>>> print(open('work-v2.csv').read())   # CSV, C-alpha atoms
chain,number,residue,atom,x,y,z
X,1,MET,CA,0.0,0.0,0.0
X,2,SER,CA,1.5,3.4,-1.0
X,3,ASN,CA,1.0,6.4,1.2
X,4,GLY,CA,1.5,10.0,0.1
X,5,VAL,CA,0.5,13.6,0.1
X,6,LEU,CA,-1.3,15.4,-2.8
X,7,CYS,CA,-1.4,19.2,-3.2
X,8,PHE,CA,-2.7,21.7,-5.8
X,9,ALA,CA,-1.0,24.8,-7.0
X,10,ASN,CA,-2.0,27.1,-9.8
X,11,ASN,CA,0.0,30.3,-9.8
X,12,ASN,CA,-1.5,33.7,-10.2
X,13,GLU,CA,0.3,36.8,-8.8
X,14,ILE,CA,1.0,34.5,-5.9
X,15,ASN,CA,3.6,31.8,-6.4
X,16,TYR,CA,1.6,28.8,-5.1
X,17,ILE,CA,4.2,26.4,-6.5
X,18,LYS,CA,6.9,27.9,-4.3
X,19,GLN,CA,4.6,27.4,-1.3
X,20,ALA,CA,4.0,23.8,-2.5
X,21,GLU,CA,7.7,23.2,-2.5
X,22,GLN,CA,8.0,24.3,1.2
X,23,LEU,CA,5.1,22.0,2.0
X,24,ALA,CA,6.7,19.0,0.2
X,25,ILE,CA,10.1,19.6,2.0
X,26,ARG,CA,8.4,19.8,5.4
X,27,ILE,CA,6.2,16.8,4.7
X,28,LYS,CA,9.4,14.8,3.8
X,29,LYS,CA,11.2,16.1,6.9
X,30,TYR,CA,8.5,15.6,9.5
X,31,MET,CA,6.4,12.8,8.1
X,32,GLY,CA,8.7,11.0,5.8
X,33,LEU,CA,6.1,10.9,3.0
X,34,PRO,CA,6.3,11.7,-0.8
X,35,THR,CA,4.3,14.7,-2.1
X,36,SER,CA,2.8,14.9,-5.6
X,37,LEU,CA,1.9,18.3,-7.1
X,38,CYS,CA,-1.2,18.9,-9.3
X,39,THR,CA,-0.8,22.0,-11.4
X,40,SER,CA,-1.8,23.7,-14.6
X,41,ASP,CA,1.5,25.5,-14.7
X,42,GLN,CA,4.8,24.4,-16.3
X,43,TYR,CA,7.1,22.9,-13.7
X,44,SER,CA,10.3,21.0,-14.3
X,45,ASN,CA,10.8,19.3,-10.9
X,46,SER,CA,14.5,19.3,-11.6
X,47,GLY,CA,15.2,19.4,-7.8
X,48,LYS,CA,13.1,16.2,-7.3
X,49,ILE,CA,11.2,18.0,-4.6
X,50,PHE,CA,8.0,16.3,-5.7
X,51,ASP,CA,7.3,12.6,-6.2
X,52,LYS,CA,5.1,13.2,-9.3
X,53,ILE,CA,3.9,16.2,-11.2
X,54,ILE,CA,0.2,15.8,-12.3
X,55,LYS,CA,-0.9,18.1,-15.1
X,56,LEU,CA,-4.2,19.8,-14.6
X,57,LYS,CA,-6.6,21.3,-17.1
X,58,GLU,CA,-8.4,24.0,-15.0
X,59,GLY,CA,-11.6,25.7,-16.1
X,60,GLN,CA,-12.6,29.3,-15.9
X,61,PRO,CA,-10.9,31.1,-13.0
X,62,ASN,CA,-12.8,32.8,-10.2
X,63,ASN,CA,-12.0,36.3,-8.9
X,64,LYS,CA,-11.2,36.6,-5.3
X,65,ARG,CA,-10.1,39.4,-3.0
X,66,TYR,CA,-6.8,38.4,-1.3
X,67,TYR,CA,-6.0,40.4,1.8
X,68,ASP,CA,-2.5,41.1,3.1
X,69,THR,CA,-3.6,42.5,6.6
X,70,VAL,CA,-5.5,45.7,5.6
X,71,ASP,CA,-4.4,45.8,1.9
X,72,PHE,CA,-5.9,43.6,-0.7
X,73,LYS,CA,-5.7,42.6,-4.3
X,74,THR,CA,-8.3,41.1,-6.5
X,75,LEU,CA,-6.8,38.1,-8.4
X,76,ASN,CA,-7.9,35.2,-10.5
X,77,PHE,CA,-7.8,31.8,-8.9
X,78,LYS,CA,-8.4,28.3,-10.0
X,79,ASN,CA,-9.6,25.8,-7.4
X,80,TYR,CA,-11.9,23.4,-9.2
X,81,SER,CA,-9.8,20.2,-9.2
X,82,ARG,CA,-9.8,19.3,-5.5
X,83,CYS,CA,-12.9,17.1,-6.0
X,84,LYS,CA,-10.9,15.1,-8.5
X,85,SER,CA,-8.4,14.1,-5.8
X,86,TYR,CA,-9.5,10.5,-5.9
X,87,ASP,CA,-8.8,10.1,-9.7
X,88,LEU,CA,-5.6,12.2,-9.6
X,89,SER,CA,-3.8,10.6,-6.6
X,90,PRO,CA,-1.1,8.1,-7.4
X,91,TYR,CA,-1.4,6.7,-3.8
X,92,ASP,CA,-3.6,4.1,-2.2
X,93,LYS,CA,-3.8,6.2,1.0
X,94,THR,CA,-3.7,10.0,0.4
X,95,LEU,CA,-3.5,13.1,2.5
X,96,VAL,CA,-4.5,16.2,0.7
X,97,LEU,CA,-3.2,19.5,2.0
X,98,ASP,CA,-3.4,23.2,1.0
X,99,VAL,CA,0.0,24.6,0.1
X,100,ASP,CA,-0.3,27.3,2.7
X,101,TYR,CA,-0.2,24.7,5.5
X,102,ILE,CA,3.0,24.8,7.5
X,103,ILE,CA,3.9,21.4,8.9
X,104,THR,CA,6.1,21.2,12.0
X,105,ASN,CA,5.4,17.7,13.3
X,106,ASN,CA,4.2,14.3,12.3
X,107,LYS,CA,0.8,14.3,13.9
X,108,LEU,CA,-1.0,14.0,10.6
X,109,SER,CA,0.7,10.7,10.0
X,110,ASP,CA,-1.9,9.2,12.4
X,111,ALA,CA,-4.5,9.7,9.7
X,112,PHE,CA,-3.0,6.7,7.9
X,113,ILE,CA,-3.8,4.2,10.7
X,114,ASN,CA,-7.2,3.2,9.2
X,115,GLY,CA,-9.4,3.7,6.1
X,116,ASP,CA,-11.9,6.2,7.4
X,117,PHE,CA,-12.4,9.4,5.5
X,118,LYS,CA,-11.0,12.2,7.7
X,119,ILE,CA,-11.3,16.0,7.7
X,120,TYR,CA,-11.3,18.8,10.2
X,121,ARG,CA,-14.8,19.9,11.4
X,122,HIS,CA,-13.2,22.7,13.5
X,123,GLY,CA,-10.0,24.7,13.5
X,124,VAL,CA,-8.3,26.7,16.2
X,125,ASP,CA,-7.9,30.4,15.4
X,126,LEU,CA,-4.7,31.8,16.9
X,127,CYS,CA,-6.4,35.1,17.2
X,128,PRO,CA,-8.1,35.2,20.6
X,129,TRP,CA,-11.3,37.1,19.9
X,130,ARG,CA,-12.6,36.1,16.5
X,131,LYS,CA,-15.7,33.8,16.4
X,132,TYR,CA,-17.0,33.5,12.9
X,133,LYS,CA,-20.2,31.4,12.4
X,134,GLU,CA,-19.3,30.8,8.8
X,135,PHE,CA,-16.6,28.4,10.1
X,136,ASP,CA,-19.2,26.5,12.1
X,137,PHE,CA,-22.1,26.1,9.6
X,138,ILE,CA,-22.4,26.7,5.9
X,139,ASN,CA,-25.8,28.2,6.2
X,140,ASP,CA,-28.5,29.2,8.7
X,141,LYS,CA,-30.0,25.7,8.5
X,142,GLY,CA,-27.3,24.2,10.6
X,143,VAL,CA,-25.4,22.2,8.0
X,144,PRO,CA,-21.9,21.7,9.5
X,145,PHE,CA,-18.9,23.4,7.9
X,146,TYR,CA,-15.8,21.2,7.2
X,147,TRP,CA,-12.3,22.5,6.2
X,148,ALA,CA,-11.3,21.2,2.7
X,149,THR,CA,-7.8,22.5,3.7
X,150,CYS,CA,-6.7,19.0,4.9
X,151,PHE,CA,-8.4,15.7,4.4
X,152,TYR,CA,-7.5,12.0,4.1
X,153,PHE,CA,-9.0,9.2,1.9
X,154,VAL,CA,-8.2,5.8,0.7
X,155,LYS,CA,-8.8,4.1,-2.7
X,156,ASN,CA,-12.0,2.1,-2.0
X,157,GLN,CA,-15.5,2.0,-3.3
X,158,GLU,CA,-17.1,4.1,-0.6
X,159,HIS,CA,-14.6,7.0,-1.0
X,160,LYS,CA,-15.0,6.8,-4.8
X,161,ILE,CA,-18.7,7.3,-4.3
X,162,PHE,CA,-18.0,10.4,-2.2
X,163,PHE,CA,-15.6,11.9,-4.8
X,164,ASP,CA,-18.0,11.1,-7.6
X,165,LEU,CA,-20.7,12.9,-5.6
X,166,LEU,CA,-18.4,15.9,-5.2
X,167,LYS,CA,-17.8,16.1,-8.9
X,168,HIS,CA,-21.6,16.0,-9.5
X,169,ILE,CA,-22.2,18.8,-7.0
X,170,SER,CA,-19.4,20.8,-8.5
X,171,GLU,CA,-20.8,20.4,-12.0
X,172,ASN,CA,-24.2,21.6,-10.8
X,173,TRP,CA,-22.9,24.2,-8.3
X,174,ASN,CA,-25.6,26.8,-8.9
X,175,HIS,CA,-28.3,24.3,-8.1
X,176,TYR,CA,-26.7,23.0,-4.9
X,177,LYS,CA,-25.7,26.5,-3.9
X,178,MET,CA,-29.4,27.5,-4.0
X,179,VAL,CA,-30.6,24.3,-2.3
X,180,TYR,CA,-28.1,24.7,0.5
X,181,ASP,CA,-28.8,28.4,0.8
X,182,ILE,CA,-25.1,29.4,0.5
X,183,ASP,CA,-24.6,33.1,0.2
X,184,ALA,CA,-20.9,33.2,-0.6
X,185,ARG,CA,-20.2,34.9,-3.9
X,186,ASN,CA,-17.4,32.5,-4.9
X,187,PHE,CA,-17.2,28.8,-5.2
X,188,ARG,CA,-15.4,27.3,-2.1
X,189,ASN,CA,-14.1,23.8,-1.7
X,190,ASP,CA,-15.0,24.0,2.0
X,191,HIS,CA,-18.7,24.4,1.0
X,192,LEU,CA,-18.5,21.7,-1.7
X,193,PHE,CA,-17.0,19.1,0.8
X,194,SER,CA,-19.5,20.2,3.5
X,195,ILE,CA,-22.4,19.5,1.2
X,196,GLY,CA,-21.0,16.2,0.1
X,197,ILE,CA,-20.4,15.1,3.7
X,198,HIS,CA,-23.9,16.2,4.6
X,199,MET,CA,-25.3,14.0,1.9
X,200,MET,CA,-23.1,11.0,2.8
X,201,ASN,CA,-24.4,11.5,6.4
X,202,GLY,CA,-27.9,10.8,5.2
X,203,PHE,CA,-28.7,14.6,5.2
X,204,GLU,CA,-28.1,14.7,9.0
X,205,ASP,CA,-25.4,15.8,11.3
X,206,ASN,CA,-23.7,12.4,11.5
X,207,ASP,CA,-20.2,10.9,11.7
X,208,TRP,CA,-19.4,9.5,8.2
X,209,ALA,CA,-16.4,11.8,8.1
X,210,LYS,CA,-14.1,11.3,11.0
X,211,PRO,CA,-11.9,14.1,12.5
X,212,MET,CA,-8.3,14.4,11.3
X,213,PRO,CA,-5.7,13.7,14.0
X,214,GLY,CA,-4.3,16.7,15.9
X,215,LYS,CA,-5.7,20.2,15.6
X,216,MET,CA,-5.6,22.6,12.7
X,217,TYR,CA,-4.5,26.0,13.9
X,218,TYR,CA,-5.1,28.8,11.5
X,219,THR,CA,-4.6,32.6,11.0
X,220,LEU,CA,-6.7,34.6,8.6
X,221,ASP,CA,-5.5,36.9,5.8
X,222,ARG,CA,-6.0,39.9,8.1
X,223,ASP,CA,-3.1,38.5,10.2
X,224,GLU,CA,0.5,38.4,9.2
X,225,LEU,CA,3.1,35.6,9.5
X,226,ILE,CA,6.4,37.4,10.5
X,227,GLU,CA,8.8,34.7,11.3
X,228,ILE,CA,9.4,31.0,10.6
X,229,ASP,CA,12.1,29.5,12.7
X,230,LYS,CA,12.1,25.7,12.1
X,231,GLU,CA,9.2,24.5,14.4
X,232,LYS,CA,8.3,28.0,15.7
X,233,LEU,CA,6.0,30.5,13.9
X,234,LYS,CA,5.4,34.1,15.0
X,235,PHE,CA,2.5,36.2,13.9
X,236,LEU,CA,0.9,39.6,14.1
X,237,LEU,CA,-2.7,38.9,14.9
X,238,GLU,CA,-5.5,41.3,14.1
X,239,LYS,CA,-6.5,43.3,17.2
X,240,GLU,CA,-10.1,43.6,18.2
X,241,HIS,CA,-12.1,46.7,17.2
X,242,THR,CA,-9.1,48.3,15.5
X,243,ARG,CA,-7.7,48.6,12.0
X,244,ASN,CA,-4.0,48.0,11.2
X,245,GLU,CA,-3.2,47.2,14.9
X,246,TYR,CA,-2.0,43.9,16.0
X,247,ILE,CA,-1.0,41.7,19.0
X,248,LEU,CA,2.0,39.4,18.8
X,249,GLY,CA,1.4,35.7,18.9
X,250,SER,CA,3.5,32.6,18.5
X,251,ILE,CA,3.2,28.8,18.3
X,252,ARG,CA,5.7,26.0,18.4
X,253,ASP,CA,5.4,22.4,17.2
X,254,ALA,CA,2.0,22.9,15.6
X,255,ASN,CA,0.6,22.6,12.1
X,256,VAL,CA,-0.7,26.0,11.0
X,257,HIS,CA,-2.9,27.0,8.0
X,258,VAL,CA,-1.6,30.5,7.1
X,259,MET,CA,-4.3,32.3,5.0
X,260,ASN,CA,-2.2,35.4,4.4
X,261,LYS,CA,-0.5,34.0,1.3
X,262,PHE,CA,1.5,37.2,0.7
X,263,SER,CA,3.1,37.0,4.1
X,264,LEU,CA,3.9,33.3,3.7
X,265,GLU,CA,5.5,34.0,0.3
X,266,ARG,CA,7.7,36.8,1.7
X,267,LEU,CA,9.3,34.4,4.2
X,268,LEU,CA,10.0,31.6,1.7
B,1,MET,CA,7.7,45.3,8.8
B,2,ASP,CA,9.7,47.0,11.5
B,3,GLU,CA,7.3,49.9,11.6
B,4,LYS,CA,4.4,47.5,11.9
B,5,LEU,CA,6.2,45.5,14.5
B,6,GLU,CA,7.0,48.5,16.6
B,7,LYS,CA,3.4,49.7,16.3
B,8,ALA,CA,2.1,46.2,17.4
B,9,LEU,CA,4.5,46.2,20.3
B,10,GLY,CA,3.4,49.7,21.3
B,11,PHE,CA,-0.3,48.7,21.3
B,12,SER,CA,0.1,45.3,22.7
B,13,ASN,CA,-1.3,44.6,26.0
B,14,LEU,CA,0.8,42.2,28.0
B,15,ALA,CA,-2.1,40.5,29.6
B,16,THR,CA,-3.9,39.9,26.3
B,17,ILE,CA,-0.9,38.3,24.8
B,18,LEU,CA,-0.1,36.3,27.9
B,19,ASN,CA,-3.7,35.0,28.0
B,20,ASN,CA,-3.7,34.2,24.3
B,21,GLN,CA,-0.5,32.2,24.6
B,22,LYS,CA,-1.9,30.3,27.6
B,23,ARG,CA,-5.0,29.5,25.6
B,24,ILE,CA,-2.8,28.2,22.7
B,25,LEU,CA,-0.8,26.1,25.2
B,26,LYS,CA,-4.0,24.5,26.6
B,27,GLU,CA,-5.2,23.7,23.0
B,28,GLN,CA,-1.8,22.0,22.4
B,29,TYR,CA,-2.1,20.1,25.7
B,30,ASP,CA,-5.5,18.8,24.7
B,31,GLU,CA,-4.0,17.8,21.3
B,32,GLU,CA,-1.0,16.0,22.9
B,33,LEU,CA,-3.3,13.9,25.1
B,34,VAL,CA,-4.7,12.2,22.1
B,35,PHE,CA,-3.2,8.9,20.9
B,36,TYR,CA,-4.1,6.1,18.5
B,37,HIS,CA,-4.1,2.4,19.5
B,38,ALA,CA,-5.6,-0.8,18.0
B,39,GLY,CA,-7.3,1.3,15.3
B,40,GLY,CA,-9.0,3.5,17.9
B,41,LYS,CA,-8.6,7.1,18.9
B,42,PHE,CA,-8.2,7.8,22.7
B,43,LYS,CA,-7.7,10.9,24.9
B,44,ALA,CA,-5.4,10.2,27.9
B,45,ASP,CA,-7.3,12.6,30.2
B,46,ARG,CA,-7.9,12.1,33.9
B,47,THR,CA,-11.2,10.3,33.3
B,48,LEU,CA,-9.7,7.6,31.0
B,49,PHE,CA,-6.6,7.4,33.3
B,50,SER,CA,-8.7,6.7,36.4
B,51,PHE,CA,-10.9,4.2,34.5
B,52,VAL,CA,-8.1,2.1,33.1
B,53,CYS,CA,-6.4,2.0,36.5
B,54,ASN,CA,-9.5,0.4,38.0
B,55,LEU,CA,-9.8,-2.3,35.4
B,56,ASP,CA,-8.7,-5.7,36.8
B,57,SER,CA,-9.2,-8.0,33.8
B,58,GLU,CA,-6.6,-8.9,31.2
B,59,ASP,CA,-8.7,-7.5,28.3
B,60,ALA,CA,-11.4,-4.9,28.1
B,61,VAL,CA,-13.5,-3.0,25.6
B,62,ILE,CA,-13.1,0.8,25.6
B,63,ILE,CA,-15.3,3.2,23.6
B,64,ASP,CA,-13.0,5.5,21.7
B,65,GLU,CA,-13.3,9.2,20.9
B,66,ASN,CA,-15.3,8.3,17.7
B,67,SER,CA,-17.7,6.2,19.7
B,68,VAL,CA,-16.2,3.0,18.3
B,69,PRO,CA,-15.7,0.0,20.7
B,70,VAL,CA,-12.1,-1.2,20.7
B,71,LYS,CA,-10.8,-4.3,22.5
B,72,ILE,CA,-7.6,-3.6,24.3
B,73,GLU,CA,-5.1,-5.5,26.4
B,74,VAL,CA,-5.4,-3.7,29.8
B,75,GLU,CA,-1.8,-3.6,31.1
B,76,GLU,CA,-0.4,-2.4,27.7
B,77,PHE,CA,-3.2,0.2,27.4
B,78,LYS,CA,-2.7,1.4,30.9
B,79,ASN,CA,1.0,2.1,30.2
B,80,LEU,CA,0.1,4.0,27.0
B,81,VAL,CA,-2.5,6.2,28.8
B,82,LYS,CA,0.0,6.9,31.6
B,83,SER,CA,2.8,7.7,29.2
B,84,HIS,CA,0.7,10.1,27.1
B,85,TYR,CA,-0.9,11.8,30.1
B,86,THR,CA,2.5,12.3,31.8
B,87,THR,CA,4.3,13.5,28.7
B,88,ALA,CA,1.6,16.0,27.7
B,89,SER,CA,1.2,17.3,31.3
B,90,ASP,CA,4.9,17.7,31.8
B,91,ASN,CA,5.2,19.6,28.6
B,92,PHE,CA,2.3,21.8,29.5
B,93,LEU,CA,3.7,22.6,32.9
B,94,SER,CA,7.2,23.5,31.5
B,95,ARG,CA,5.8,25.7,28.7
B,96,TYR,CA,3.3,27.3,31.1
B,97,LYS,CA,6.0,28.1,33.6
B,98,ALA,CA,8.3,29.5,30.9
B,99,ILE,CA,5.8,32.1,29.7
B,100,SER,CA,4.3,32.9,33.1
B,101,ASN,CA,7.7,34.1,34.3
B,102,LYS,CA,8.1,36.6,31.4
B,103,ARG,CA,7.4,40.2,31.9
B,104,SER,CA,7.7,41.5,28.3
B,105,VAL,CA,5.8,40.8,25.1
B,106,GLU,CA,9.0,39.7,23.3
B,107,GLY,CA,9.8,37.4,26.2
B,108,ILE,CA,6.4,35.7,26.1
B,109,VAL,CA,6.3,35.0,22.3
B,110,ASP,CA,10.0,34.0,22.1
B,111,VAL,CA,9.5,31.1,24.5
>>> encode(input="work-v2.csv", output="structure tokens")
Amino acid sequence: MSNGVLCFANNNEINYIKQAEQLAIRIKKYMGLPTSLCTSDQYSNSGKIFDKIIKLKEGQPNNKRYYDTVDFKTLNFKNYSRCKSYDLSPYDKTLVLDVDYIITNNKLSDAFINGDFKIYRHGVDLCPWRKYKEFDFINDKGVPFYWATCFYFVKNQEHKIFFDLLKHISENWNHYKMVYDIDARNFRNDHLFSIGIHMMNGFEDNDWAKPMPGKMYYTLDRDELIEIDKEKLKFLLEKEHTRNEYILGSIRDANVHVMNKFSLERLL
Amino acid sequence: MDEKLEKALGFSNLATILNNQKRILKEQYDEELVFYHAGGKFKADRTLFSFVCNLDSEDAVIIDENSVPVKIEVEEFKNLVKSHYTTASDNFLSRYKAISNKRSVEGIVDV
């Protein structure tokens, strides 16, 4: 049985492939696993950082506002291929990660102990005051929110059914967006996976999807990553009721999803 | 960056930062208590610790964190729970002490 990590990177003004390289290097260092890159960009892999390069044909890009603390840019982004992870993965057991995930330990290796589909239902915000209901439920009807940032699956019939369902939802997004009363302007993989899991759960809050091991710590794009020192990360975290004011925060030996992609790129 | 950093430091409230770092340490403590054994997921907290210490059979069935029943060998499992509880708690104590003694923002976040 082969185990490995799959990540997706399609460059715009942000160099996602560079971020994917840091992810693959850290995955190798802390978890001893190979990483394959799915991309629609040209990439030579001369440094053999990635196990395999999987060529993507991405559809029409979305427009999205990317914040770098208080400043922002509106950029194109392509994120439609994640639901094809089952078909694209060269591994029997696959961990899929966002490229802006900083790995500093091997806790995610525990996902490989069995064949349950695993995903985070909750994350831990490093900022002390923020409580966003959009990260709890995808709508006002109480359909749970899941983070498509990080998930684990195996090649079996049940998981194939799930990913085929995701492709169907993705192809009919406007219909499902309306049925599930999602008011986000852009397509989000978090919403796609949340709807798919809700359906796999028999349209109830059930436990078909098991929690990923460890915790997913995260910072938003309103925060700034200011230092990476091996296993220690330091941040400026948005201060409550203020604009452009921050508190300092740090964390050691924890896997962190850094949503301010500009600040991550500055430190790579 | 330096200007932002200076501004952040200027506005920072030592107590806010200290409390946030303590909150993060507690989250990491809860995370470290979790371990996987015999295909099950367990949290080596005080409840599980007390429970397994009172088991007097060779084998037992424990309901894991995902509500799945898992058959375990008691002595081996007891040692695992004790080991995870002790390691996580010792780490929590040392990290907590390290930041509690600091009297500056830089000192707290540099631990």
>>> residues_around(input="work-v2.csv", residues="Leu166 (chain X)", least_positions_apart="4", cutoff="10 Å", atoms="only C-alpha atoms", output="list in words")
Arg82, Cys83, Lys84, Lys160, Ile161, Phe162, Ser170, Glu171, Asn172, Trp173, Asn189, Leu192, Phe193, Ser194, Ile195, Gly196 and Ile197 of chain X
>>> closest_atom_pairs(input="work-v2.csv", of="chain X", to="chain B", cutoff="9 Å", atoms="all atoms listed in the file", output="JSON lines")
{"residue": "X:Asp110", "atom": "CA", "partner": "B:Tyr36", "partner_atom": "CA", "distance": 7.2}
{"residue": "X:Ile113", "atom": "CA", "partner": "B:Gly39", "partner_atom": "CA", "distance": 6.5}
{"residue": "X:Asn114", "atom": "CA", "partner": "B:Gly39", "partner_atom": "CA", "distance": 6.4}
{"residue": "X:Val124", "atom": "CA", "partner": "B:Glu27", "partner_atom": "CA", "distance": 8.1}
{"residue": "X:Leu126", "atom": "CA", "partner": "B:Ile24", "partner_atom": "CA", "distance": 7.1}
{"residue": "X:Cys127", "atom": "CA", "partner": "B:Asn20", "partner_atom": "CA", "distance": 7.6}
{"residue": "X:Pro128", "atom": "CA", "partner": "B:Asn20", "partner_atom": "CA", "distance": 5.8}
{"residue": "X:Asp207", "atom": "CA", "partner": "B:Asn66", "partner_atom": "CA", "distance": 8.2}
{"residue": "X:Lys210", "atom": "CA", "partner": "B:Asn66", "partner_atom": "CA", "distance": 7.4}
{"residue": "X:Pro211", "atom": "CA", "partner": "B:Asn66", "partner_atom": "CA", "distance": 8.5}
{"residue": "X:Pro213", "atom": "CA", "partner": "B:Val34", "partner_atom": "CA", "distance": 8.3}
{"residue": "X:Gly214", "atom": "CA", "partner": "B:Glu31", "partner_atom": "CA", "distance": 5.5}
{"residue": "X:Lys215", "atom": "CA", "partner": "B:Glu31", "partner_atom": "CA", "distance": 6.4}
{"residue": "X:Ile226", "atom": "CA", "partner": "B:Met1", "partner_atom": "CA", "distance": 8.2}
{"residue": "X:Lys232", "atom": "CA", "partner": "B:Asp110", "partner_atom": "CA", "distance": 8.9}
{"residue": "X:Lys234", "atom": "CA", "partner": "B:Val109", "partner_atom": "CA", "distance": 7.4}
{"residue": "X:Leu236", "atom": "CA", "partner": "B:Ala8", "partner_atom": "CA", "distance": 7.5}
{"residue": "X:Lys239", "atom": "CA", "partner": "B:Ser12", "partner_atom": "CA", "distance": 8.8}
{"residue": "X:Asn244", "atom": "CA", "partner": "B:Lys4", "partner_atom": "CA", "distance": 8.4}
{"residue": "X:Glu245", "atom": "CA", "partner": "B:Ala8", "partner_atom": "CA", "distance": 5.9}
{"residue": "X:Tyr246", "atom": "CA", "partner": "B:Ala8", "partner_atom": "CA", "distance": 4.9}
{"residue": "X:Ile247", "atom": "CA", "partner": "B:Ser12", "partner_atom": "CA", "distance": 5.3}
{"residue": "X:Leu248", "atom": "CA", "partner": "B:Ile17", "partner_atom": "CA", "distance": 6.8}
{"residue": "X:Gly249", "atom": "CA", "partner": "B:Val109", "partner_atom": "CA", "distance": 6.0}
{"residue": "X:Ser250", "atom": "CA", "partner": "B:Val109", "partner_atom": "CA", "distance": 5.3}
{"residue": "X:Ile251", "atom": "CA", "partner": "B:Ile24", "partner_atom": "CA", "distance": 7.5}
{"residue": "X:Arg252", "atom": "CA", "partner": "B:Val111", "partner_atom": "CA", "distance": 8.8}
{"residue": "X:Asp253", "atom": "CA", "partner": "B:Gln28", "partner_atom": "CA", "distance": 8.9}
{"residue": "X:Ala254", "atom": "CA", "partner": "B:Gln28", "partner_atom": "CA", "distance": 7.8}
>>> write_last_selection(input="work-v2.csv", atoms="C-alpha atoms", output="PDB file, in the coordinates of the input")
ATOM      1  CA  ASP X 110      -1.900   9.200  12.400  1.00  0.00           C
ATOM      2  CA  ILE X 113      -3.800   4.200  10.700  1.00  0.00           C
ATOM      3  CA  ASN X 114      -7.200   3.200   9.200  1.00  0.00           C
ATOM      4  CA  VAL X 124      -8.300  26.700  16.200  1.00  0.00           C
ATOM      5  CA  LEU X 126      -4.700  31.800  16.900  1.00  0.00           C
ATOM      6  CA  CYS X 127      -6.400  35.100  17.200  1.00  0.00           C
ATOM      7  CA  PRO X 128      -8.100  35.200  20.600  1.00  0.00           C
ATOM      8  CA  ASP X 207     -20.200  10.900  11.700  1.00  0.00           C
ATOM      9  CA  LYS X 210     -14.100  11.300  11.000  1.00  0.00           C
ATOM     10  CA  PRO X 211     -11.900  14.100  12.500  1.00  0.00           C
ATOM     11  CA  PRO X 213      -5.700  13.700  14.000  1.00  0.00           C
ATOM     12  CA  GLY X 214      -4.300  16.700  15.900  1.00  0.00           C
ATOM     13  CA  LYS X 215      -5.700  20.200  15.600  1.00  0.00           C
ATOM     14  CA  ILE X 226       6.400  37.400  10.500  1.00  0.00           C
ATOM     15  CA  LYS X 232       8.300  28.000  15.700  1.00  0.00           C
ATOM     16  CA  LYS X 234       5.400  34.100  15.000  1.00  0.00           C
ATOM     17  CA  LEU X 236       0.900  39.600  14.100  1.00  0.00           C
ATOM     18  CA  LYS X 239      -6.500  43.300  17.200  1.00  0.00           C
ATOM     19  CA  ASN X 244      -4.000  48.000  11.200  1.00  0.00           C
ATOM     20  CA  GLU X 245      -3.200  47.200  14.900  1.00  0.00           C
ATOM     21  CA  TYR X 246      -2.000  43.900  16.000  1.00  0.00           C
ATOM     22  CA  ILE X 247      -1.000  41.700  19.000  1.00  0.00           C
ATOM     23  CA  LEU X 248       2.000  39.400  18.800  1.00  0.00           C
ATOM     24  CA  GLY X 249       1.400  35.700  18.900  1.00  0.00           C
ATOM     25  CA  SER X 250       3.500  32.600  18.500  1.00  0.00           C
ATOM     26  CA  ILE X 251       3.200  28.800  18.300  1.00  0.00           C
ATOM     27  CA  ARG X 252       5.700  26.000  18.400  1.00  0.00           C
ATOM     28  CA  ASP X 253       5.400  22.400  17.200  1.00  0.00           C
ATOM     29  CA  ALA X 254       2.000  22.900  15.600  1.00  0.00           C
TER      30      ALA X 254
END
>>> residues_around(input="work-v2.csv", residues="region 18-22 of chain X", least_positions_apart="6", cutoff="8 Å", atoms="all atoms listed in the file", output="list of chain:residue names")
X:Cys7, X:Phe8, X:Ala9, X:Leu37, X:Ile49, X:Phe50, X:Val99, X:Asp100, X:Leu264, X:Glu265, X:Leu268
>>> write_last_selection(input="work-v2.csv", atoms="C-alpha atoms", output="mmCIF file, in the coordinates of the input")
data_model
loop_
_atom_site.group_PDB
_atom_site.id
_atom_site.type_symbol
_atom_site.label_atom_id
_atom_site.label_comp_id
_atom_site.auth_asym_id
_atom_site.auth_seq_id
_atom_site.Cartn_x
_atom_site.Cartn_y
_atom_site.Cartn_z
ATOM 1 C CA CYS X 7 -1.400 19.200 -3.200
ATOM 2 C CA PHE X 8 -2.700 21.700 -5.800
ATOM 3 C CA ALA X 9 -1.000 24.800 -7.000
ATOM 4 C CA LEU X 37 1.900 18.300 -7.100
ATOM 5 C CA ILE X 49 11.200 18.000 -4.600
ATOM 6 C CA PHE X 50 8.000 16.300 -5.700
ATOM 7 C CA VAL X 99 0.000 24.600 0.100
ATOM 8 C CA ASP X 100 -0.300 27.300 2.700
ATOM 9 C CA LEU X 264 3.900 33.300 3.700
ATOM 10 C CA GLU X 265 5.500 34.000 0.300
ATOM 11 C CA LEU X 268 10.000 31.600 1.700
#
>>> residues_around(input="work-v2.csv", residues="region 56-62 of chain B", least_positions_apart="4", cutoff="10 Å", atoms="all atoms listed in the file", output="list in words")
Gly40, Phe42, Leu48, Phe51, Val52, Ser67, Val68, Pro69, Val70, Lys71, Ile72, Glu73, Val74, Glu75, Glu76 and Phe77 of chain B
>>> closest_residue(input="work-v2.csv", among="X:Trp129, X:Gly142, X:Arg121, X:Phe187", to="His241 (chain X)", atoms="only C-alpha atoms")
X:Trp129
>>> residues_around(input="work-v2.csv", residues="His257 (chain X)", least_positions_apart="2", cutoff="12 Å", atoms="all atoms listed in the file", output="JSON, numbers by chain")
{"X": [19, 23, 97, 98, 99, 100, 101, 102, 103, 104, 120, 123, 124, 125, 126, 147, 148, 149, 150, 215, 216, 217, 218, 219, 220, 221, 223, 224, 225, 233, 254, 255, 259, 260, 261, 264]}
